[in-house]
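> This structure is in structure tokens; I'll ask about it shortly.
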Amino acid sequence: MALEPAHLQHLARLARLELADADMESIRTRMEVIIEYVDQLKKVDVEGVPPLDNAVDLTNVRRNDEVQPGLPPEAALANAPSVAGPYFAVPRIIDAP
């Protein structure tokens, strides 16, 4: 398939590329090779072939979400450098008006 310069400019604009006129011929020939390859792929009969979402048969290795009790506040604050009641105390970083 012959790729017209206007089509190549349009593709470059869609891809947000600036193509120099000196590079146009080289890029045009490479794009034509890519388009020919895609045309070959279109001819492959894939009827009855299930879609593939991964090349390797994987199973989910994550555990199920289960509600579990959290730490009591005393245990969570036990190693805190500074506490204020049942909260972590941190230095003020924003000046309040």
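Lettering and numbering for the structure tokens are positional, with chains as A, B, ... in the shown order, residues counted from 1 in each chain, and ligands counted from 1 in the shown order.
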List the spatial neighbours of Gly85 of chain A as a list in words - criterion: any atom at most 12 Å away, only C-alpha atoms, same-chain residues fewer than 4 positions off excluded.
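Skipping anything fewer than 4 positions along the chain leaves Pro73, Glu74, Leu77, Ala80 and Ala89 of chain A.
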> Residues of the last selection are to be written out with C-alpha atoms, as a PDB file, in the first residue's frame.

```pdb
ATOM      1  CA  PRO A  73      -5.251   2.282  70.087  1.00  0.00           C
ATOM      2  CA  GLU A  74      -2.790   1.608  72.935  1.00  0.00           C
ATOM      3  CA  LEU A  77       0.473   4.279  69.729  1.00  0.00           C
ATOM      4  CA  ALA A  80       4.894   6.609  68.634  1.00  0.00           C
ATOM      5  CA  ALA A  89       1.067  13.958  67.716  1.00  0.00           C
TER       6      ALA A  89
END
```
> Hey, what's within 9 Å of segment 25-34 of chain A if we count only C-alpha atoms and toss same-chain stuff fewer than 2 positions away? As a PyMOL selection string, please?
chain A and resi 1-5+8+19+21-23+36-39
> List every residue of chain A that DSSP, applied to the backbone of this structure, assigns to alpha helix (DSSP H), and report them as a PyMOL selection string.
chain A and resi 5-14+24-42+73-77
> Mind the document's chain letters and residue numbers, and return as a PyMOL selection string the residues of chain A that DSSP labels strand (DSSP E or B).
chain A and resi 83-84+87-88
> Could you tell me how far atom CA of Arg92 of chain A lies from atom CA of Ala76 of chain A, in Å and to one decimal?
21.2 Å
